[in-house]
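Working notes for the structure below.
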Amino acid sequence: MRTLVLLLSSVLLPLSCDDGAAIEPPVSKTTASAASPWLQDVAQESGIEFTWHSGDSGDYYIPEIIGGGVAMLDFDNDGDLDLYFIQGGKVEVAMEDPDDNASANRLYRNEGNWRFIEVEDAAGADDHGYGMGVTTGDYDNDGDIDLYVTNVGRNTLLRNEGGHFIDVTESAGVGDTAWGSATAFLDYDADGHLDLYLGNYLAWSPETEITCYSGLGGEDYCAPGNYPLATADRLYRNRGDGTFEDVTALAGIDSHNRPALGIVAADFDQDGWLDIFIANDGKPDILWHNQGDGRFVDIGLRAGCAIDDDGKEKAGMGVGTTDIDDDGDLDLVVCNLTNESDSMFLNEGSYFIDTTAKHGVKMATRPYTRFGLGWVDLDNDGWVDLYEATGQVQRGANTPGDDPYAQENVLLKGTPGGRFEKVGVQGGTTETIRLTSRAAAFGDLDQDGRLDIIVINRDAPANVYKNIVDKPGNWCLLRVLDEHGRDALGATVSGKVGSRRLTRPVQTAHSYFAANDHRVHVGLGEAPAFQSVQVEWLDGTQEPFGDLPANQIHTLQRGQGIAFGDYPMPLD
Amino acid sequence: MLAIEGMVTDLGTTYVAPVFLARHPKYDLSMRRMAFLLLCSALSIGCSDSPGDQSPPPRPANLAVMDGEVRTSVEAQLTHIEAHPGDVDARAQLARLYQANNLPAESIATWVQVLEPNPDSAKHWYFLALAYYQNGDYEAARDAAARSRSLDPRQPASWWRAAFWELDMGRPAEAEVLARQAIQLDPNNAGGYVALSRALVAQDRTQEAIQVLNQLRNMASHPYILYLLGQAYQRAGQTEQAEAYFANGQAQQPRYPDAWNLEIIAAQRGLDATLDRIDQLCEDGRLDEAATVIAQARKTWPTDVNILHRRSELFRKRGNTNRWIMELKKALRLDPDNAVTHLNLSLAYLQDNNQSLSMNHAIASTKANPMFPDPHLQMGRLFLLNNDLPNAVQSLDEAFRLGVQIPRERLQYAHVLLRVGRFQEAEQHAQQVTTVDSQNPLAWGVLAETRYAQGKHRSAIEALRLGIQVDPGNESLLRLQRRFSQPPSSGQTRP
């Protein structure tokens, strides 16, 4: 009988994890070919027809070029990932009265075998706001996944009641009416209830719109700096009774007004409290360091992750976090505008260093305007890859086709040397696809252990990318649950693959305006198991789960790991 | 002083990422480049003295999205070349136009045409290198820059830019060699020093990097140097120094002088380019030319507030405060809630000795953008002028909370904090100033006083000694010295 191992000491743990079990050490080598396509768009055959409508008015309203979002979530608790699409419409109409906006968010149920069926009225989640982003989490601890949708105008909290959604925004007190953007559920005060961080973008209305010109001389969308004011982000503390308290000022979040577009929450300094990284558009990114007393302090600049080596305040968009150098802490990547490369920040414990160039990512990403971002292992070789959904925000004169904002997406393959390399066809698809892409969500839609991707496009059908990597490595998919059976957002899972120890975060909020697979995906290369697995829970407690056989979905629930005495010692 | 101006390593263009469209699908850019490089090699060894390329110049795939000055200029140049296909100078101008206006792929193709009949032009190879870089093709940029250097090794920019590209490619050792050569060629160009320091940090040689950066600081003043010093100290494990530099050094990398690249800048068209040109002319003191450009720009973009800001700046530089104010009032009519206009008006009215209106506009600026630190600073100054210390400190608190990072202002703030008895905070700010500016005697004086006020006599005297060392005849410091040497009596710790 496995018992709770909360008291296991951190000194003993590494010894007990390094068990030397009779599993052949894997050779970490690339199994998938970088030359063949990795992704195939199966939107049509899977029955998904979704286009994010910008409502392009010809007036160059800036919201038209920023949205929209997508969530992968198991809303009906049947074990597979369903899809929730955030819709735009007519921004000025939606801001006036969302009910007059003809467009609504849409929900597709996963029927298996790449068949998706649209759910009528999105099971009550057919919000009519001019949609931007979305996040997922079980904020009421009732066992099903709830949704928070950000809009230009009032945001919407949708409580999941057994597969049907109810708009509880007003009663919960989270109906901020500014321009909501990046958002995440996170338990910042570690009280067992998911709190809510809301990133805001600009204080925009049609009246604040001005005329801007692109570098090519024509009228075009304005850069965010042309608008007078960004709106401060919001932090809502979950009271545990279905309502939230706005603790923005109390927590010190109101000390910055910066246009937020990307978010990840993780315990970057491993002090047992979730920190929050915010990517801002044209302003320094923020690293909210959780003080543990309900307050946050921005340490982005001194921690080395607010600006890049050029001292540049870049246009931060999508964000990702994982442990890229196998040292047990979480590193960061932020994607940005054309002529601004990604920023890859390596976590050195108390600060980050900009290692973008060292990883070969600087030159590979500079030509594109990147939004959705996945720092995930797409070919299951144990090395995280980098996928980025792209599309310009001002027109390019040499863009072929009808869409002057369109670009090819970026797919870079992670390699053992730490460098990222381009995959054969640009974007990893069977043929080059040029669209104006925004959100990208990552998850295993067909339960085959390979991560699939949904990409949202401006005024063009969403891509449903089935992962078709040839000869992928082994994998594990881990459902990490707290003692109540709720996804343990903010925890980390680590385990051995050969001589390496991989660490991966439990999170849904990363990328851009997206909610991703709630399960932790680990590529194992040729290893037959993810060995000496342990979960570090949000309170810093570590719990071992032993060796997990490859190519399976495992559930790791707090308190059901291996008891101290049951765990094989390396010298046995 | 060392020059930090001109062009950045980045061409500064944003939002547009042209992707090269191969006209022949199987003849991609890299193949074209390779073929061209081979051709040029052949030409350079005298195989041929080819006549000019008669092929039509490349056109943007989607000319329809271009407009205004950019489109007019490009179309005029294309028309001219079609009529005179052998006019290489016209092709070079087209290449510059493309390059300066975010069309790097077209620029590359045009430079290739320009270089075919004249492969020995170091400058054109250099422009080709810049275009490749702008297009994200680092390896090609590096090759073209190397070719440029082989033809004319005396241009520092073709060394330090290549050093930055090597850094971007993750090759700091190669960057170091190029940066050192750039410094040797032009010891007054900051580009080489910055590239060198970053190459050293990337190789974990932080102490050497600190030396280079301190050498640079003795020649130039720019907050980016402080930021780099902060990074270097952080990686060296000297956290306290790093904190001080970061607190005063948030800044984007400046532009470094690049004589050749001025030709590209001159080819920029459109509003942003016009504003840049006006700024440059003002900076160079060519005010009449700036006025002409402004007058023309006003006709093209009559409702643009930024142009009026430039015109007001022109009058400020000429000492005409009335017109300075008048132009800003015009700007305010166009955009009544523009925080920058209000701030500038506040500065102008202060210059005009109208403190009341100056304060009104500073307040209006904070209302228009509450997160803009500068008007809070301005309010702090105005309150200080009226000896209203409580309000001054309140405004300065807000300004620094919002992120002022100028050592001179920080010293002022430390002094105000000292005067209101917030000694510990005052000491912290003064210490940050002395860390990043150890040659400022007054900063040492303020630091000494903050310490003395807290009873830290020994460290106060040490700070004073360091200040006097910097400026032995400084009357303020000598007065402090006399005060510190007197036996303490009741109330004497009060500054």
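Simple scheme: letters A, B, ... for chains in structure tokens order, numbers from 1 for residues in each chain, numbers from 1 for ligands in the order shown.
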### Task
For region 262-266 of chain B, list every protein, DNA or RNA residue within 12 Å, evaluated using only C-alpha atoms, and leave out those in the same chain fewer than 6 positions away; present the list as a ChimeraX atom specification.
/B:5-8,11-13,92-102,104,107,123-124,126-128,130-131,157,255-256,272-278,280-281
For the residues in the current selection, export N, CA and C atoms as a tab-separated table (two decimals), in the first residue's frame.
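The result, stored in again.tsv:
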```tsv
chain	number	residue	atom	x	y	z
B	5	GLU	N	26.06	57.28	-31.75
B	5	GLU	CA	24.98	57.84	-32.55
B	5	GLU	C	24.94	57.11	-33.88
B	6	GLY	N	24.12	57.62	-34.77
B	6	GLY	CA	24.06	57.02	-36.11
B	6	GLY	C	23.14	55.83	-36.13
B	7	MET	N	23.65	54.72	-36.51
B	7	MET	CA	22.79	53.56	-36.77
B	7	MET	C	23.03	52.48	-35.73
B	8	VAL	N	21.98	51.84	-35.35
B	8	VAL	CA	22.12	50.73	-34.41
B	8	VAL	C	22.51	49.47	-35.16
B	11	LEU	N	18.45	47.67	-37.63
B	11	LEU	CA	18.08	48.81	-38.46
B	11	LEU	C	16.89	49.57	-37.89
B	12	GLY	N	16.37	49.07	-36.80
B	12	GLY	CA	15.36	49.84	-36.10
B	12	GLY	C	13.98	49.74	-36.72
B	13	THR	N	13.81	48.94	-37.72
B	13	THR	CA	12.51	48.85	-38.35
B	13	THR	C	11.69	47.79	-37.61
B	92	ALA	N	21.47	51.23	-57.50
B	92	ALA	CA	21.98	51.34	-56.12
B	92	ALA	C	21.01	52.17	-55.27
B	93	GLN	N	20.46	53.23	-55.87
B	93	GLN	CA	19.51	54.05	-55.11
B	93	GLN	C	18.24	53.25	-54.80
B	94	LEU	N	17.82	52.43	-55.78
B	94	LEU	CA	16.65	51.58	-55.54
B	94	LEU	C	16.94	50.59	-54.40
B	95	ALA	N	18.14	50.03	-54.44
B	95	ALA	CA	18.52	49.09	-53.37
B	95	ALA	C	18.48	49.78	-52.01
B	96	ARG	N	18.96	51.01	-51.97
B	96	ARG	CA	18.94	51.77	-50.71
B	96	ARG	C	17.50	52.01	-50.26
B	97	LEU	N	16.66	52.38	-51.23
B	97	LEU	CA	15.25	52.63	-50.91
B	97	LEU	C	14.60	51.39	-50.32
B	98	TYR	N	14.82	50.27	-50.99
B	98	TYR	CA	14.26	49.02	-50.48
B	98	TYR	C	14.78	48.74	-49.06
B	99	GLN	N	16.08	48.90	-48.92
B	99	GLN	CA	16.71	48.56	-47.64
B	99	GLN	C	16.22	49.45	-46.51
B	100	ALA	N	16.10	50.72	-46.82
B	100	ALA	CA	15.73	51.68	-45.77
B	100	ALA	C	14.26	51.62	-45.42
B	101	ASN	N	13.47	50.98	-46.30
B	101	ASN	CA	12.02	50.99	-46.08
B	101	ASN	C	11.44	49.58	-45.95
B	102	ASN	N	12.19	48.75	-45.26
B	102	ASN	CA	11.70	47.43	-44.84
B	102	ASN	C	11.43	46.46	-45.97
B	104	PRO	N	13.91	44.10	-47.34
B	104	PRO	CA	15.27	43.59	-47.45
B	104	PRO	C	15.46	42.57	-48.57
B	107	SER	N	15.90	44.39	-51.59
B	107	SER	CA	17.17	45.08	-51.49
B	107	SER	C	18.33	44.14	-51.83
B	123	LYS	N	31.75	49.16	-50.14
B	123	LYS	CA	30.55	49.76	-49.54
B	123	LYS	C	29.29	48.99	-49.95
B	124	HIS	N	29.21	48.62	-51.22
B	124	HIS	CA	28.02	47.90	-51.66
B	124	HIS	C	27.97	46.48	-51.07
B	126	TYR	N	29.02	45.87	-48.18
B	126	TYR	CA	28.60	46.14	-46.81
B	126	TYR	C	27.08	46.32	-46.75
B	127	PHE	N	26.55	47.07	-47.72
B	127	PHE	CA	25.09	47.25	-47.75
B	127	PHE	C	24.38	45.92	-47.97
B	128	LEU	N	24.98	45.10	-48.82
B	128	LEU	CA	24.39	43.77	-49.04
B	128	LEU	C	24.39	42.98	-47.72
B	130	LEU	N	24.23	44.22	-44.70
B	130	LEU	CA	23.16	44.76	-43.85
B	130	LEU	C	21.80	44.24	-44.28
B	131	ALA	N	21.61	44.15	-45.59
B	131	ALA	CA	20.31	43.68	-46.09
B	131	ALA	C	20.10	42.20	-45.73
B	157	ALA	N	32.80	49.96	-38.90
B	157	ALA	CA	31.45	49.39	-38.80
B	157	ALA	C	31.36	47.99	-39.37
B	255	ARG	N	22.83	53.90	-30.82
B	255	ARG	CA	23.36	53.73	-32.18
B	255	ARG	C	24.83	54.13	-32.18
B	256	TYR	N	25.58	53.45	-32.97
B	256	TYR	CA	27.00	53.75	-33.06
B	256	TYR	C	27.30	54.35	-34.43
B	272	ASP	N	7.77	58.09	-39.88
B	272	ASP	CA	8.80	57.76	-38.89
B	272	ASP	C	10.18	58.20	-39.36
B	273	ALA	N	10.44	57.92	-40.63
B	273	ALA	CA	11.75	58.29	-41.18
B	273	ALA	C	11.92	59.80	-41.18
B	274	THR	N	10.84	60.51	-41.49
B	274	THR	CA	10.91	61.97	-41.51
B	274	THR	C	11.20	62.51	-40.10
B	275	LEU	N	10.52	61.92	-39.12
B	275	LEU	CA	10.76	62.35	-37.73
B	275	LEU	C	12.21	62.08	-37.34
B	276	ASP	N	12.71	60.91	-37.74
B	276	ASP	CA	14.12	60.58	-37.44
B	276	ASP	C	15.05	61.59	-38.09
B	277	ARG	N	14.71	61.94	-39.35
B	277	ARG	CA	15.58	62.88	-40.07
B	277	ARG	C	15.58	64.24	-39.38
B	278	ILE	N	14.40	64.65	-38.95
B	278	ILE	CA	14.31	65.95	-38.25
B	278	ILE	C	15.16	65.91	-36.97
B	280	GLN	N	17.70	64.08	-36.31
B	280	GLN	CA	19.12	64.05	-36.64
B	280	GLN	C	19.60	65.45	-37.02
B	281	LEU	N	18.81	66.14	-37.83
B	281	LEU	CA	19.20	67.50	-38.25
B	281	LEU	C	19.29	68.42	-37.03
```
### Task
Write out as a PyMOL selection string each polymer residue whose atoms come within 12 Å of Gln447 (chain A), counting only C-alpha atoms; drop sequence neighbours fewer than 6 positions from it.
chain A and resi 79-81+110+112-114+466-467+475-478+517+519+521+551-553
Write out as JSON lines a residue-level contact list of chain A versus chain B with cut-off 7 Å: for each qualifying residue the closest pair of atoms and the distance in Å to one decimal, counting only C-alpha atoms, rows sorted by chain and residue number upward.
```
{"residue": "A:Gly215", "atom": "CA", "partner": "B:Asn101", "partner_atom": "CA", "distance": 6.1}
{"residue": "A:Leu216", "atom": "CA", "partner": "B:Met66", "partner_atom": "CA", "distance": 5.0}
{"residue": "A:Gly217", "atom": "CA", "partner": "B:Asp67", "partner_atom": "CA", "distance": 4.5}
{"residue": "A:Gly218", "atom": "CA", "partner": "B:Asp67", "partner_atom": "CA", "distance": 4.4}
{"residue": "A:Pro228", "atom": "CA", "partner": "B:Asn369", "partner_atom": "CA", "distance": 6.5}
{"residue": "A:Leu229", "atom": "CA", "partner": "B:Asn369", "partner_atom": "CA", "distance": 6.0}
{"residue": "A:Asn257", "atom": "CA", "partner": "B:Met371", "partner_atom": "CA", "distance": 6.4}
{"residue": "A:Leu301", "atom": "CA", "partner": "B:Phe246", "partner_atom": "CA", "distance": 6.9}
{"residue": "A:Arg302", "atom": "CA", "partner": "B:Phe246", "partner_atom": "CA", "distance": 6.0}
{"residue": "A:Asp310", "atom": "CA", "partner": "B:Gln253", "partner_atom": "CA", "distance": 5.2}
{"residue": "A:Gly311", "atom": "CA", "partner": "B:Gln252", "partner_atom": "CA", "distance": 4.2}
{"residue": "A:Lys312", "atom": "CA", "partner": "B:Gln252", "partner_atom": "CA", "distance": 4.8}
{"residue": "A:Leu337", "atom": "CA", "partner": "B:Tyr15", "partner_atom": "CA", "distance": 6.4}
{"residue": "A:Thr338", "atom": "CA", "partner": "B:Ala17", "partner_atom": "CA", "distance": 5.5}
{"residue": "A:Asn339", "atom": "CA", "partner": "B:Thr14", "partner_atom": "CA", "distance": 6.2}
{"residue": "A:Ala357", "atom": "CA", "partner": "B:Gly170", "partner_atom": "CA", "distance": 4.5}
{"residue": "A:Lys358", "atom": "CA", "partner": "B:Gly170", "partner_atom": "CA", "distance": 4.1}
{"residue": "A:Gly360", "atom": "CA", "partner": "B:Met169", "partner_atom": "CA", "distance": 6.0}
{"residue": "A:Lys362", "atom": "CA", "partner": "B:Asp168", "partner_atom": "CA", "distance": 5.9}
{"residue": "A:Met363", "atom": "CA", "partner": "B:Gly136", "partner_atom": "CA", "distance": 6.0}
{"residue": "A:Arg366", "atom": "CA", "partner": "B:Gly136", "partner_atom": "CA", "distance": 6.1}
{"residue": "A:Pro367", "atom": "CA", "partner": "B:Gly136", "partner_atom": "CA", "distance": 5.4}
{"residue": "A:Tyr368", "atom": "CA", "partner": "B:Ala17", "partner_atom": "CA", "distance": 5.9}
{"residue": "A:Gln392", "atom": "CA", "partner": "B:Tyr15", "partner_atom": "CA", "distance": 6.5}
{"residue": "A:Val393", "atom": "CA", "partner": "B:Tyr15", "partner_atom": "CA", "distance": 6.0}
{"residue": "A:Gln394", "atom": "CA", "partner": "B:Tyr15", "partner_atom": "CA", "distance": 5.5}
{"residue": "A:Arg395", "atom": "CA", "partner": "B:Val16", "partner_atom": "CA", "distance": 6.4}
{"residue": "A:Gly396", "atom": "CA", "partner": "B:Pro18", "partner_atom": "CA", "distance": 5.5}
{"residue": "A:Ala397", "atom": "CA", "partner": "B:Asn62", "partner_atom": "CA", "distance": 4.8}
{"residue": "A:Asn398", "atom": "CA", "partner": "B:Ala61", "partner_atom": "CA", "distance": 4.4}
{"residue": "A:Thr399", "atom": "CA", "partner": "B:Ala61", "partner_atom": "CA", "distance": 6.4}
{"residue": "A:Pro400", "atom": "CA", "partner": "B:Ala61", "partner_atom": "CA", "distance": 6.2}
```
### Task
Compile the contact shell of Thr365 (chain A) as a VMD selection string: residues with an atom at most 9 Å away, counting only C-alpha atoms, same-chain residues fewer than 6 positions apart removed.
(chain A and resid 335 to 336 338 to 342 388 410) or (chain B and resid 136)
Can you pull out every residue within 9 Å of Arg434 (chain A), counting only C-alpha atoms, but drop anything in the same chain fewer than 4 positions away, and send it as a compact mmCIF listing (two decimals) with C-alpha atoms, in the first residue's frame?
```
# COMPACT_ATOMS: atom_id res chain seq x y z
CA THR A 390 3.35 33.95 -36.70
CA GLY A 391 1.72 36.81 -38.55
CA PRO A 400 2.24 36.84 -51.60
CA GLY A 401 -1.49 36.17 -51.67
CA ASP A 403 -3.31 38.52 -46.80
CA ALA A 406 0.54 36.44 -43.43
CA GLN A 407 3.73 34.60 -42.57
CA GLU A 408 4.88 31.00 -42.29
CA ASN A 409 4.95 29.56 -38.79
```
What lies within 8 Å of region 270-287 of chain A using only C-alpha atoms, ignoring chain neighbours under 4 positions off, as a PDB file with C-alpha atoms, in the first residue's frame?
```pdb
ATOM      1  CA  LEU A 186      -2.982  30.056 -10.126  1.00  0.00           C
ATOM      2  CA  ASP A 187      -2.960  29.428  -6.411  1.00  0.00           C
ATOM      3  CA  TYR A 188      -0.661  32.280  -5.414  1.00  0.00           C
ATOM      4  CA  ASP A 189      -1.452  32.084  -1.707  1.00  0.00           C
ATOM      5  CA  ALA A 190      -1.311  28.284  -1.572  1.00  0.00           C
ATOM      6  CA  GLY A 199      -3.444  40.705 -17.848  1.00  0.00           C
ATOM      7  CA  PRO A 224       0.594  50.034 -28.825  1.00  0.00           C
ATOM      8  CA  GLY A 225       2.862  52.912 -27.875  1.00  0.00           C
ATOM      9  CA  ARG A 258       2.000  47.752 -19.060  1.00  0.00           C
ATOM     10  CA  PRO A 259       0.295  46.162 -22.043  1.00  0.00           C
ATOM     11  CA  ALA A 260       0.273  42.477 -21.142  1.00  0.00           C
ATOM     12  CA  LEU A 261       0.049  39.763 -23.793  1.00  0.00           C
ATOM     13  CA  GLY A 262       1.728  36.674 -22.358  1.00  0.00           C
ATOM     14  CA  ILE A 263       1.686  34.905 -19.005  1.00  0.00           C
ATOM     15  CA  VAL A 264       3.194  31.949 -17.191  1.00  0.00           C
ATOM     16  CA  ALA A 265       3.055  31.239 -13.498  1.00  0.00           C
ATOM     17  CA  ALA A 266       5.770  29.118 -11.931  1.00  0.00           C
ATOM     18  CA  GLN A 291       6.760  37.517  -1.382  1.00  0.00           C
ATOM     19  CA  GLY A 292       4.742  34.825   0.345  1.00  0.00           C
ATOM     20  CA  VAL A 297       7.420  42.748  -6.311  1.00  0.00           C
ATOM     21  CA  ASP A 298       8.589  43.130  -9.903  1.00  0.00           C
ATOM     22  CA  ILE A 299      12.160  41.878 -10.076  1.00  0.00           C
ATOM     23  CA  GLY A 300      12.258  41.500 -13.854  1.00  0.00           C
ATOM     24  CA  LEU A 301      15.031  43.955 -14.515  1.00  0.00           C
ATOM     25  CA  CYS A 305      14.404  38.792 -17.827  1.00  0.00           C
ATOM     26  CA  ALA A 306      12.693  42.152 -18.405  1.00  0.00           C
ATOM     27  CA  ILE A 307      14.715  43.198 -21.422  1.00  0.00           C
ATOM     28  CA  GLU A 313      12.019  46.538 -24.370  1.00  0.00           C
ATOM     29  CA  LYS A 314      10.638  44.126 -26.880  1.00  0.00           C
ATOM     30  CA  ALA A 315       7.091  43.427 -27.959  1.00  0.00           C
ATOM     31  CA  GLY A 316       6.504  40.446 -25.690  1.00  0.00           C
ATOM     32  CA  MET A 317       3.803  38.091 -26.859  1.00  0.00           C
ATOM     33  CA  GLY A 318       3.807  34.328 -26.301  1.00  0.00           C
ATOM     34  CA  VAL A 319       5.604  32.809 -23.315  1.00  0.00           C
ATOM     35  CA  ASP A 329      14.656  25.014 -12.322  1.00  0.00           C
ATOM     36  CA  VAL A 334       9.345  34.919 -24.848  1.00  0.00           C
ATOM     37  CA  GLY A 490       2.180  25.119 -10.400  1.00  0.00           C
ATOM     38  CA  LEU A 538       3.324  23.760  -4.715  1.00  0.00           C
ATOM     39  CA  ASP A 539       4.251  23.872  -1.032  1.00  0.00           C
ATOM     40  CA  GLY A 540       7.726  22.544  -1.796  1.00  0.00           C
TER      41      GLY A 540
END
```
### Message
At a cut-off of 7 Å, using only C-alpha atoms, what residues contact Ala529 (chain A)? Leave out same-chain residues fewer than 5 positions from it and give the result as a PyMOL selection string.
### Response
chain A and resi 547-550
#### Entry: 10 Å contact set for Glu111 (chain A), only C-alpha atoms, chain neighbours under 5 positions out, as a ChimeraX atom specification
/A:46,78,80-82,116-117,446
### Task
Have a look at CA of Ala179 (chain B) and CA of Leu200 (chain B) and let me know their distance in Å, one decimal.
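For CA of Ala179 (chain B) relative to CA of Leu200 (chain B), the distance reads 10.5 Å.
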### Query
If you run DSSP on the backbone, which residues of region 160-343 of chain A are alpha helix (DSSP H), as a list in words?
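Output for region 160-343 of chain A, alpha helix (DSSP H) only: Thr169, Glu170, Ser171, Ala172, Thr248, Ala249, Leu250, Ala251, Gly300, Leu301, Arg302 and Ala303 of chain A.
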